[in-house]
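Below is one structure; the comments refer to it alone.
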Amino acid sequence: MDIMAATMICIGIMLGFTFLGLGIGIGTMAGKVAEAVGRNPETKADVVHSVMTILIVTTIFLLFLFSFVFFLLFFNPLFI
């Protein structure tokens, strides 16, 4: 198998698992946030602030993943 084809397959698998994990994690987190705000509505501002901080950190890690993917696509160290 060609190295570039193997790289494309690995990138597809990596991105697929990433978005699957993000979807499951963010969905679970949103459910727990709705449950927490439903039980104690006074803490809504604190809970939303914490969730936004977590989502910003997750987005930064996702941008790092995309930069790694573009590095593999255009500057692949295995492709000579």
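Convention: chains lettered A, B, ... in structure tokens order; per-chain residue numbering from 1; ligands numbered from 1 as shown.
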Per residue of range 41-67 of chain A within 12 Å of range 2-20 of chain A, note the shortest atom pair and the distance in Å to one decimal, counting only C-alpha atoms, and order the rows by chain and increasing residue number, as a tab-separated table.
```
residue	atom	partner	partner_atom	distance
A:Thr58	CA	A:Thr18	CA	11.0
A:Thr59	CA	A:Phe19	CA	11.6
A:Phe61	CA	A:Thr18	CA	10.6
A:Leu62	CA	A:Thr18	CA	8.5
A:Leu63	CA	A:Thr18	CA	11.8
A:Leu65	CA	A:Leu15	CA	8.5
A:Phe66	CA	A:Leu15	CA	8.7
A:Ser67	CA	A:Ile11	CA	11.9
```
Which value, in Å to one decimal, gives the distance between CA of Ala30 in chain A and CA of Val51 in chain A?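 Answer for the CA of Ala30 in chain A to CA of Val51 in chain A separation: 8.6 Å.
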Kindly indicate which residue among A:Ile60, A:Leu72, A:Val33, A:Ile24 lies nearest to Val47 in chain A, using only C-alpha atoms for the distances.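 Going through A:Ile60, A:Leu72, A:Val33, A:Ile24 one by one, the smallest distance to Val47 in chain A is for A:Val33.
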Find the spatial neighbours of Val48 in chain A, counting only C-alpha atoms, within a cut-off of 10 Å - ignore same-chain residues fewer than 5 positions away - and output them as a CSV table (one decimal) with all heavy atoms, in the first residue's frame.
```
chain,number,residue,atom,x,y,z
A,33,VAL,N,-25.5,19.2,32.4
A,33,VAL,CA,-25.7,20.7,32.7
A,33,VAL,C,-27.1,21.0,32.8
A,33,VAL,O,-27.6,21.7,33.8
A,33,VAL,CB,-25.0,21.5,31.6
A,33,VAL,CG1,-25.5,23.0,31.7
A,33,VAL,CG2,-23.5,21.5,31.8
A,34,ALA,N,-28.0,20.5,31.9
A,34,ALA,CA,-29.4,20.7,32.0
A,34,ALA,C,-30.0,20.1,33.3
A,34,ALA,O,-30.8,20.7,34.0
A,34,ALA,CB,-30.1,20.1,30.8
A,37,VAL,N,-28.8,22.5,36.2
A,37,VAL,CA,-29.5,23.8,36.2
A,37,VAL,C,-31.0,23.5,36.6
A,37,VAL,O,-31.6,24.3,37.3
A,37,VAL,CB,-29.4,24.5,34.9
A,37,VAL,CG1,-30.3,25.7,34.8
A,37,VAL,CG2,-28.0,24.9,34.7
A,43,THR,N,-27.6,28.5,40.3
A,43,THR,CA,-26.2,28.4,39.9
A,43,THR,C,-26.0,28.3,38.4
A,43,THR,O,-25.0,27.9,37.9
A,43,THR,CB,-25.7,27.1,40.5
A,43,THR,OG1,-26.4,26.0,40.0
A,43,THR,CG2,-25.8,27.1,42.0
A,53,THR,N,-15.8,27.3,29.6
A,53,THR,CA,-14.3,27.1,29.7
A,53,THR,C,-13.9,25.8,29.2
A,53,THR,O,-12.9,25.6,28.5
A,53,THR,CB,-13.9,27.3,31.2
A,53,THR,OG1,-14.4,28.5,31.7
A,53,THR,CG2,-12.4,27.1,31.4
A,54,ILE,N,-14.7,24.7,29.5
A,54,ILE,CA,-14.4,23.4,29.0
A,54,ILE,C,-14.5,23.3,27.5
A,54,ILE,O,-13.6,22.7,26.8
A,54,ILE,CB,-15.3,22.3,29.7
A,54,ILE,CG1,-15.0,22.2,31.2
A,54,ILE,CG2,-15.2,21.0,29.0
A,54,ILE,CD1,-16.0,21.5,32.0
```
Top pick for closest residue to Leu22 in chain A, considering A:Leu55, A:Asn76, A:Phe70, A:Lys44 and counting only C-alpha atoms: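 Closest residue, counting only C-alpha atoms: A:Leu55.
CA of Asp46 in chain A lies 25.2 Å from CA of Gly21 in chain A.
As for CA of Gly23 in chain A and CA of Ala45 in chain A, they are spaced 23.5 Å apart.
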